[in-house]
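Asks: Provided below: data_17.txt, containing compact mmCIF, C-alpha atoms (C1' of nucleotides).
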```
# COMPACT_ATOMS: atom_id res chain seq x y z
CA MET A 1 5.10 2.89 -2.13
CA PRO A 2 5.38 0.27 0.52
CA GLU A 3 3.66 -3.05 -0.04
CA LEU A 4 3.81 -6.02 2.28
CA PRO A 5 7.57 -6.79 1.98
CA GLU A 6 8.50 -3.17 2.63
CA VAL A 7 6.10 -2.83 5.56
CA GLU A 8 7.44 -6.06 7.06
CA THR A 9 10.98 -4.71 6.70
CA VAL A 10 9.93 -1.51 8.46
CA ARG A 11 8.34 -3.59 11.22
CA ARG A 12 11.59 -5.45 11.83
CA GLY A 13 13.54 -2.19 11.94
CA LEU A 14 11.04 -0.73 14.38
CA LEU A 15 11.30 -3.77 16.65
CA LYS A 16 15.05 -3.37 16.91
CA ILE A 17 15.00 0.25 17.94
CA ALA A 18 11.67 0.73 19.66
CA LYS A 19 10.73 -2.48 21.47
CA GLY A 20 10.96 -1.96 25.20
CA ARG A 21 11.23 1.82 24.84
CA LYS A 22 8.99 4.17 26.76
CA ILE A 23 7.48 7.26 25.10
CA ALA A 24 8.81 10.35 26.86
CA ALA A 25 7.15 13.02 24.74
CA ILE A 26 5.43 13.46 21.38
CA ASP A 27 5.58 16.31 18.86
CA ILE A 28 2.89 16.49 16.21
CA HIS A 29 3.64 18.86 13.36
CA TYR A 30 0.79 17.86 11.08
CA GLU A 31 -2.35 16.91 12.95
CA LYS A 32 -4.17 15.22 10.10
CA THR A 33 -1.71 12.34 10.31
CA ILE A 34 -3.49 11.39 13.56
CA THR A 35 -7.07 10.38 12.82
CA ASN A 36 -8.25 10.31 16.42
CA GLU A 37 -10.64 13.17 17.11
CA ASN A 38 -8.81 14.12 20.28
CA ILE A 39 -5.13 14.76 19.58
CA ALA A 40 -4.45 15.69 23.21
CA TRP A 41 -5.83 12.32 24.31
CA PHE A 42 -3.59 10.57 21.74
CA LYS A 43 -0.54 12.22 23.30
CA GLU A 44 -1.59 11.82 26.94
CA THR A 45 -2.37 8.15 26.46
CA LEU A 46 0.98 7.33 24.85
CA ILE A 47 3.28 9.43 27.03
CA GLY A 48 4.63 7.09 29.69
CA ALA A 49 3.55 3.97 27.79
CA THR A 50 6.09 1.36 26.69
CA ILE A 51 6.19 -0.24 23.23
CA VAL A 52 6.00 -3.97 23.92
CA ASN A 53 5.72 -5.17 20.33
CA VAL A 54 5.17 -4.15 16.72
CA ASP A 55 2.87 -6.41 14.70
CA ARG A 56 1.80 -6.24 11.08
CA ARG A 57 -1.40 -7.14 9.28
CA GLY A 58 -1.27 -6.64 5.52
CA LYS A 59 0.24 -3.20 5.05
CA TYR A 60 -0.79 -2.02 8.52
CA LEU A 61 1.67 -1.68 11.39
CA LEU A 62 0.33 -2.25 14.91
CA PHE A 63 2.36 -0.74 17.74
CA ARG A 64 1.43 -2.55 20.95
CA PHE A 65 1.78 -0.68 24.23
CA ASP A 66 1.87 -1.88 27.82
CA ASN A 67 -1.33 0.03 28.61
CA GLN A 68 -3.44 -2.26 26.40
CA MET A 69 -3.49 0.27 23.58
CA THR A 70 -2.57 -0.24 19.92
CA MET A 71 -1.41 2.43 17.51
CA VAL A 72 -2.40 1.44 13.97
CA SER A 73 -0.12 3.02 11.38
CA HIS A 74 -0.48 2.92 7.60
CA LEU A 75 2.35 4.40 5.50
CA ARG A 76 0.29 4.79 2.31
CA MET A 77 2.67 5.90 -0.43
CA GLU A 78 5.55 7.76 1.13
CA GLY A 79 5.38 7.26 4.89
CA LYS A 80 8.71 6.45 6.56
CA TYR A 81 10.00 5.88 10.06
CA TYR A 82 13.54 6.75 11.02
CA ASN A 83 15.51 7.07 14.21
CA LEU A 84 17.73 9.92 15.39
CA PRO A 85 19.68 10.86 18.49
CA GLU A 86 17.66 13.26 20.64
CA ASP A 87 19.71 16.22 19.44
CA GLY A 88 19.58 15.20 15.75
CA GLU A 89 17.94 17.44 13.18
CA ILE A 90 14.67 16.04 11.83
CA HIS A 91 14.24 15.65 8.08
CA LYS A 92 11.87 17.65 5.93
CA HIS A 93 8.25 16.41 5.95
CA THR A 94 8.53 14.96 9.46
CA HIS A 95 5.03 15.10 10.92
CA VAL A 96 5.27 13.14 14.16
CA VAL A 97 8.17 12.68 16.58
CA PHE A 98 8.11 10.15 19.43
CA HIS A 99 10.80 11.00 21.96
CA LEU A 100 12.00 7.75 23.53
CA ASP A 101 13.54 7.06 26.94
CA ASP A 102 16.99 6.17 25.56
CA ASP A 103 17.87 9.66 24.34
CA THR A 104 16.72 8.96 20.77
CA LYS A 105 13.61 9.88 18.85
CA LEU A 106 11.46 7.88 16.49
CA CYS A 107 10.38 10.13 13.63
CA TYR A 108 7.63 9.73 11.04
CA SER A 109 8.04 11.57 7.74
CA ASP A 110 5.71 11.56 4.77
CA SER A 111 6.23 13.93 1.85
CA ARG A 112 2.75 13.32 0.54
CA LYS A 113 1.01 13.46 3.93
CA PHE A 114 -1.13 10.46 2.99
CA GLY A 115 -0.11 8.16 5.85
CA ARG A 116 -2.33 7.84 8.90
CA MET A 117 -2.05 6.76 12.55
CA THR A 118 -4.83 5.99 14.95
CA LEU A 119 -4.80 4.94 18.58
CA VAL A 120 -7.33 2.39 19.84
CA LYS A 121 -7.72 -0.19 22.58
CA ASN A 122 -6.05 -3.52 21.76
CA ASP A 123 -9.33 -5.33 21.29
CA GLU A 124 -10.62 -2.66 18.91
CA ALA A 125 -7.63 -2.75 16.56
CA LEU A 126 -9.18 -5.22 14.15
CA GLN A 127 -12.29 -3.05 13.93
CA VAL A 128 -10.36 -0.11 12.47
CA ALA A 129 -11.51 0.73 8.95
CA GLY A 130 -9.35 -1.18 6.51
CA LEU A 131 -8.44 -3.89 9.00
CA LYS A 132 -12.05 -4.82 9.56
CA THR A 133 -12.47 -6.12 6.02
CA ILE A 134 -8.91 -7.18 5.24
CA GLY A 135 -8.37 -10.50 3.44
CA PRO A 136 -6.00 -13.33 4.39
CA GLU A 137 -2.26 -12.84 4.76
CA PRO A 138 -0.45 -14.23 1.70
CA THR A 139 1.11 -17.26 3.38
CA ALA A 140 0.73 -20.95 2.59
CA GLU A 141 -1.34 -21.44 5.75
CA THR A 142 -3.73 -18.52 5.32
CA LEU A 143 -4.11 -18.10 1.55
CA THR A 144 -5.52 -21.44 0.46
CA VAL A 145 -6.20 -22.58 -3.08
CA GLU A 146 -9.81 -23.27 -2.12
CA TYR A 147 -10.33 -19.73 -0.83
CA LEU A 148 -8.77 -18.07 -3.88
CA GLN A 149 -10.76 -20.26 -6.28
CA LYS A 150 -13.97 -19.53 -4.42
CA ILE A 151 -13.62 -15.74 -4.48
CA MET A 152 -12.28 -15.64 -8.05
CA HIS A 153 -15.09 -17.79 -9.39
CA ALA A 154 -17.51 -15.35 -7.80
CA SER A 155 -16.03 -12.14 -9.24
CA ARG A 156 -16.20 -10.70 -12.73
CA ARG A 157 -13.76 -7.93 -11.94
CA GLU A 158 -10.54 -7.55 -13.85
CA ILE A 159 -7.83 -9.53 -12.08
CA LYS A 160 -5.55 -6.57 -11.41
CA PRO A 161 -8.00 -4.42 -9.44
CA PHE A 162 -9.26 -7.64 -7.87
CA LEU A 163 -5.79 -8.40 -6.47
CA LEU A 164 -5.20 -4.80 -5.43
CA ASP A 165 -8.36 -5.00 -3.32
CA GLN A 166 -7.00 -5.66 0.18
CA SER A 167 -10.23 -7.37 1.20
CA ASN A 168 -9.46 -10.23 -1.20
CA VAL A 169 -5.78 -10.75 -0.35
CA ALA A 170 -3.76 -8.61 2.05
CA GLY A 171 -0.48 -7.02 1.08
CA LEU A 172 -0.28 -6.71 -2.71
CA GLY A 173 0.26 -3.34 -4.39
CA ASN A 174 0.92 -2.16 -7.92
CA ILE A 175 4.47 -3.52 -8.20
CA TYR A 176 3.89 -7.05 -6.95
CA VAL A 177 0.58 -7.45 -8.78
CA ASP A 178 2.32 -6.77 -12.09
CA GLU A 179 5.02 -9.26 -11.08
CA VAL A 180 2.76 -12.12 -10.04
CA LEU A 181 0.52 -11.69 -13.10
CA TRP A 182 3.57 -11.90 -15.36
CA MET A 183 4.86 -14.95 -13.48
CA SER A 184 1.43 -16.59 -13.74
CA LYS A 185 0.94 -15.61 -17.41
CA ILE A 186 -2.36 -13.88 -16.74
CA HIS A 187 -3.40 -10.70 -18.55
CA PRO A 188 -4.05 -7.86 -16.06
CA LYS A 189 -7.48 -7.26 -17.60
CA GLU A 190 -8.52 -10.89 -17.48
CA HIS A 191 -11.74 -11.31 -15.57
CA ALA A 192 -11.22 -13.15 -12.29
CA ASN A 193 -13.94 -15.71 -13.01
CA LEU A 194 -12.35 -16.63 -16.36
CA VAL A 195 -9.02 -17.72 -14.88
CA SER A 196 -8.69 -21.52 -14.86
CA ASP A 197 -8.35 -23.45 -11.61
CA GLU A 198 -4.88 -24.50 -12.66
CA GLN A 199 -3.82 -20.89 -13.21
CA ILE A 200 -5.36 -19.85 -9.88
CA GLU A 201 -3.19 -22.44 -8.19
CA GLN A 202 -0.13 -21.06 -9.96
CA LEU A 203 -1.15 -17.52 -9.07
CA ARG A 204 -1.59 -18.42 -5.43
CA ASP A 205 1.85 -20.07 -5.28
CA ASN A 206 3.45 -17.10 -7.04
CA ILE A 207 1.86 -14.56 -4.69
CA ILE A 208 3.12 -16.44 -1.64
CA GLN A 209 6.60 -17.02 -3.02
CA GLU A 210 7.10 -13.57 -4.53
CA LEU A 211 6.19 -11.73 -1.34
CA ALA A 212 8.31 -14.07 0.78
CA VAL A 213 11.38 -13.68 -1.45
CA ALA A 214 10.90 -9.90 -1.69
CA THR A 215 10.71 -9.77 2.11
CA GLU A 216 13.98 -11.72 2.32
CA HIS A 217 15.51 -9.02 0.14
CA HIS A 218 14.08 -6.33 2.44
CA GLY A 219 11.60 -5.18 -0.15
CA THR A 220 11.88 -2.91 -3.15
CA THR A 221 13.48 0.52 -2.89
CA VAL A 222 12.06 3.05 -5.30
CA HIS A 223 13.13 6.35 -3.77
CA SER A 224 16.04 5.76 -1.46
CA TYR A 225 16.28 7.70 1.74
CA THR A 226 19.11 6.67 3.99
CA ASN A 227 18.32 6.16 7.66
CA ALA A 228 14.70 5.25 7.09
CA PHE A 229 13.64 1.73 8.01
CA GLY A 230 12.88 -0.40 5.01
CA ASN A 231 14.90 1.55 2.51
CA ALA A 232 17.84 -0.79 2.23
CA GLY A 233 15.80 -3.15 0.07
CA GLU A 234 17.27 -4.41 -3.18
CA PHE A 235 14.44 -6.47 -4.62
CA GLN A 236 14.12 -3.89 -7.43
CA ASN A 237 17.00 -5.82 -9.01
CA HIS A 238 14.79 -8.90 -9.19
CA LEU A 239 11.67 -7.41 -10.77
CA HIS A 240 10.64 -8.97 -14.08
CA ALA A 241 7.81 -6.77 -15.35
CA TYR A 242 7.30 -3.64 -13.25
CA GLY A 243 9.26 -0.68 -14.61
CA ASN A 244 10.37 -2.63 -17.70
CA ALA A 245 8.01 -1.18 -20.30
CA GLY A 246 9.64 -1.35 -23.74
CA LYS A 247 12.27 -3.83 -22.60
CA PRO A 248 12.14 -7.46 -23.75
CA CYS A 249 10.27 -10.07 -21.75
CA GLU A 250 12.74 -12.55 -20.22
CA ARG A 251 10.68 -15.49 -21.39
CA CYS A 252 9.88 -14.60 -25.00
CA GLY A 253 11.74 -11.41 -25.92
CA THR A 254 8.56 -9.47 -26.75
CA PRO A 255 8.74 -5.85 -25.51
CA PHE A 256 6.65 -5.20 -22.40
CA LYS A 257 3.66 -2.91 -22.92
CA LYS A 258 2.48 -0.27 -20.50
CA ILE A 259 -1.25 0.34 -20.27
CA LYS A 260 -3.80 1.65 -17.78
CA VAL A 261 -5.89 -0.82 -15.86
CA ALA A 262 -8.38 0.64 -13.41
CA GLN A 263 -6.50 3.95 -13.60
CA ARG A 264 -3.21 2.32 -12.62
CA GLY A 265 -0.02 2.13 -14.65
CA THR A 266 0.36 -1.53 -15.65
CA THR A 267 3.25 -3.33 -17.33
CA TYR A 268 2.69 -6.70 -18.99
CA CYS A 269 3.98 -8.93 -21.77
CA PRO A 270 1.54 -8.91 -24.72
CA HIS A 271 2.81 -12.32 -25.83
CA CYS A 272 2.85 -14.29 -22.57
CA GLN A 273 -0.17 -12.69 -20.92
CA ILE A 274 -3.15 -13.15 -23.22
CA LEU A 275 -6.83 -12.50 -22.65
CA THR A 276 -8.91 -15.65 -22.96
CA GLU A 277 -11.81 -14.06 -24.82
CA ASN A 278 -11.53 -10.58 -26.32
CA GLU A 279 -8.51 -9.26 -28.08
CA ASN A 280 -8.77 -5.97 -26.25
CA ASP A 281 -5.77 -4.51 -24.58
C1' DC B 1 2.16 27.91 -14.96
C1' DG B 2 -1.20 24.48 -15.70
C1' DG B 3 -2.03 19.92 -16.35
C1' DT B 4 -0.88 15.22 -15.43
C1' DC B 5 0.58 11.60 -12.72
C1' DT B 6 1.51 9.03 -8.57
C1' DG B 7 -0.95 4.63 -4.64
C1' DT B 8 -4.21 3.55 -1.39
C1' DT B 9 -8.41 3.72 0.88
C1' DC B 10 -12.87 5.56 1.55
C1' DT B 11 -17.12 7.30 -0.33
C1' DT B 12 -20.54 7.77 -3.66
C1' DC B 13 -23.35 6.47 -7.35
C1' DG B 14 -25.66 3.46 -10.58
C1' DT C 1 -24.63 -6.41 -3.28
C1' DC C 2 -21.44 -5.37 -6.60
C1' DG C 3 -18.33 -2.78 -9.20
C1' DA C 4 -16.87 1.44 -11.32
C1' DA C 5 -15.54 5.88 -10.61
C1' DG C 6 -14.49 9.88 -7.93
C1' DA C 7 -12.40 12.16 -3.85
C1' DA C 8 -8.81 13.05 -0.96
C1' DC C 9 -4.12 13.55 0.22
C1' DA C 10 0.43 16.95 -1.71
C1' DG C 11 4.28 17.27 -4.44
C1' DA C 12 7.26 16.09 -8.63
C1' DC C 13 7.61 16.72 -13.24
C1' DC C 14 7.14 18.32 -18.06
```
Step by step, read the file and then write its structure as structure tokens.
Replies:
Amino acid sequence: MPELPEVETVRRGLLKIAKGRKIAAIDIHYEKTITNENIAWFKETLIGATIVNVDRRGKYLLFRFDNQMTMVSHLRMEGKYYNLPEDGEIHKHTHVVFHLDDDTKLCYSDSRKFGRMTLVKNDEALQVAGLKTIGPEPTAETLTVEYLQKIMHASRREIKPFLLDQSNVAGLGNIYVDEVLWMSKIHPKEHANLVSDEQIEQLRDNIIQELAVATEHHGTTVHSYTNAFGNAGEFQNHLHAYGNAGKPCERCGTPFKKIKVAQRGTTYCPHCQILTENEND
DNA sequence: CGGTCTGTTCTTCG
DNA sequence: TCGAAGAACAGACC
């Protein structure tokens, strides 16, 4: 389940093997991965084009080509890129294969078939659904205290679904939301507008730091698949809350509880993370 | 074997 | 206009 640190790790892996490479041929084994209406056009437009860069915005990868086109790729839960020699045997669940001009192939596999790719002109990339409404990148420059305070004051949503909403802040998913809420001592069901300005500042700092440190560790590996970019991560060894239900909180020793918040599995410390008003779980 | 669960985004409904 | 809930995706697991 790639979140920002994992997607950034994939981006760096892609740059190393694909930047400067020309697409020689494309095999598509599962057409729904490509959301363009015209699959033939998708292939024709990319064959002969050279990958000049791979950018990232939130959890979206943007492959930039020398023909002024951008392929937007979202991995959703299980999407993975990996690289093989041209004569290598592709893994199960491989839906798209880009044959490159250096006798290798860039493969996309996705056991759940949730991931999507779409090809658009460069200047239309930010109009793609999902990117059009995406919030600021979680960096010190782009995610300001003022911005976070403004949008949190204006929302009565529970903080967890609020932070999972990519239009508020880009890049957070289930794992890192549980982590930053634990670090910031905020209950996952706390309403955004009831969080104090001081706590918002803490939360903002924690989001920025947590994602940066996780990126340094190449993200969190949940299911490990060798040879796929972004699966060498070892940040799972640094998680405090996620996956620790029943184990003692590092700060106070109270066992972590696991509950549902907005239909999502949520781990939190019932002692450190307290609701300001109700005593509901 | 049937039900549940999984994460993310989009769509629908109130 | 907002937020909650459902839909969709497909497979792993009990």
Asks: Select all residues from chain B having any atom no more than 12 Å from an atom of chain A (counting only C-alpha atoms (C1' of nucleotides), ignoring ligands), output as a VMD selection string.
Replies: chain B and resid 5 to 10
Asks: One decimal, Å: what's the distance from atom CA of Leu143 of chain A over to atom CA of Ile200 of chain A, could you say?
Replies: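 Taking atom CA of Leu143 of chain A as the start and atom CA of Ile200 of chain A as the end point, the length is 11.6 Å.
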Asks: Quick one: residues within 10 Å of Lys257 of chain A, all atoms listed in the file counted, chain neighbours fewer than 4 positions away excluded, as a PyMOL selection string?
Replies: chain A and resi 241+244-249+266-271+281
Asks: If we count only C-alpha atoms (C1' of nucleotides), what is near DC13 of chain B at a cut-off of 10 Å, once residues fewer than 5 positions away on the same chain are taken out, given as a PyMOL selection string?
Replies: chain C and resi 4-6
Asks: As AutoDock Vina command-line options, please report the centre and edge lengths, rounded to one decimal in Å, of the axis-aligned box that holds all listed atoms of chain C with 4 Å of padding on each of the six sides.
Replies:
```
--center_x -8.5 --center_y 6.0 --center_z -8.9 --size_x 40.2 --size_y 32.7 --size_z 26.3
```
Asks: I'd like to know which of A:Thr139, A:Ser155, A:Thr221, A:Asn67 is closest to chain C, using only C-alpha atoms (C1' of nucleotides).
Replies: A:Ser155
Asks: Near Leu148 of chain A, counting only C-alpha atoms (C1' of nucleotides), which residues have an atom at most 10 Å away, once you skip same-chain residues fewer than 3 positions from it, shown as a VMD selection string?
Replies: chain A and resid 136 143 to 145 151 to 154 168 to 169 197 200 to 201 203 to 204
Asks: Between atom CA of Leu4 of chain A and atom CA of Tyr176 of chain A, what distance in Å does the model show, to one decimal?
Replies: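 So the two atoms, atom CA of Leu4 of chain A and atom CA of Tyr176 of chain A, lie 9.3 Å apart.
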Asks: Just checking: using only C-alpha atoms (C1' of nucleotides), which residue out of A:Arg156, A:His91, A:Lys19, A:Lys260 ends up closest to DG3 of chain C?
Replies: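 Smallest distance to DG3 of chain C is found for A:Arg156.
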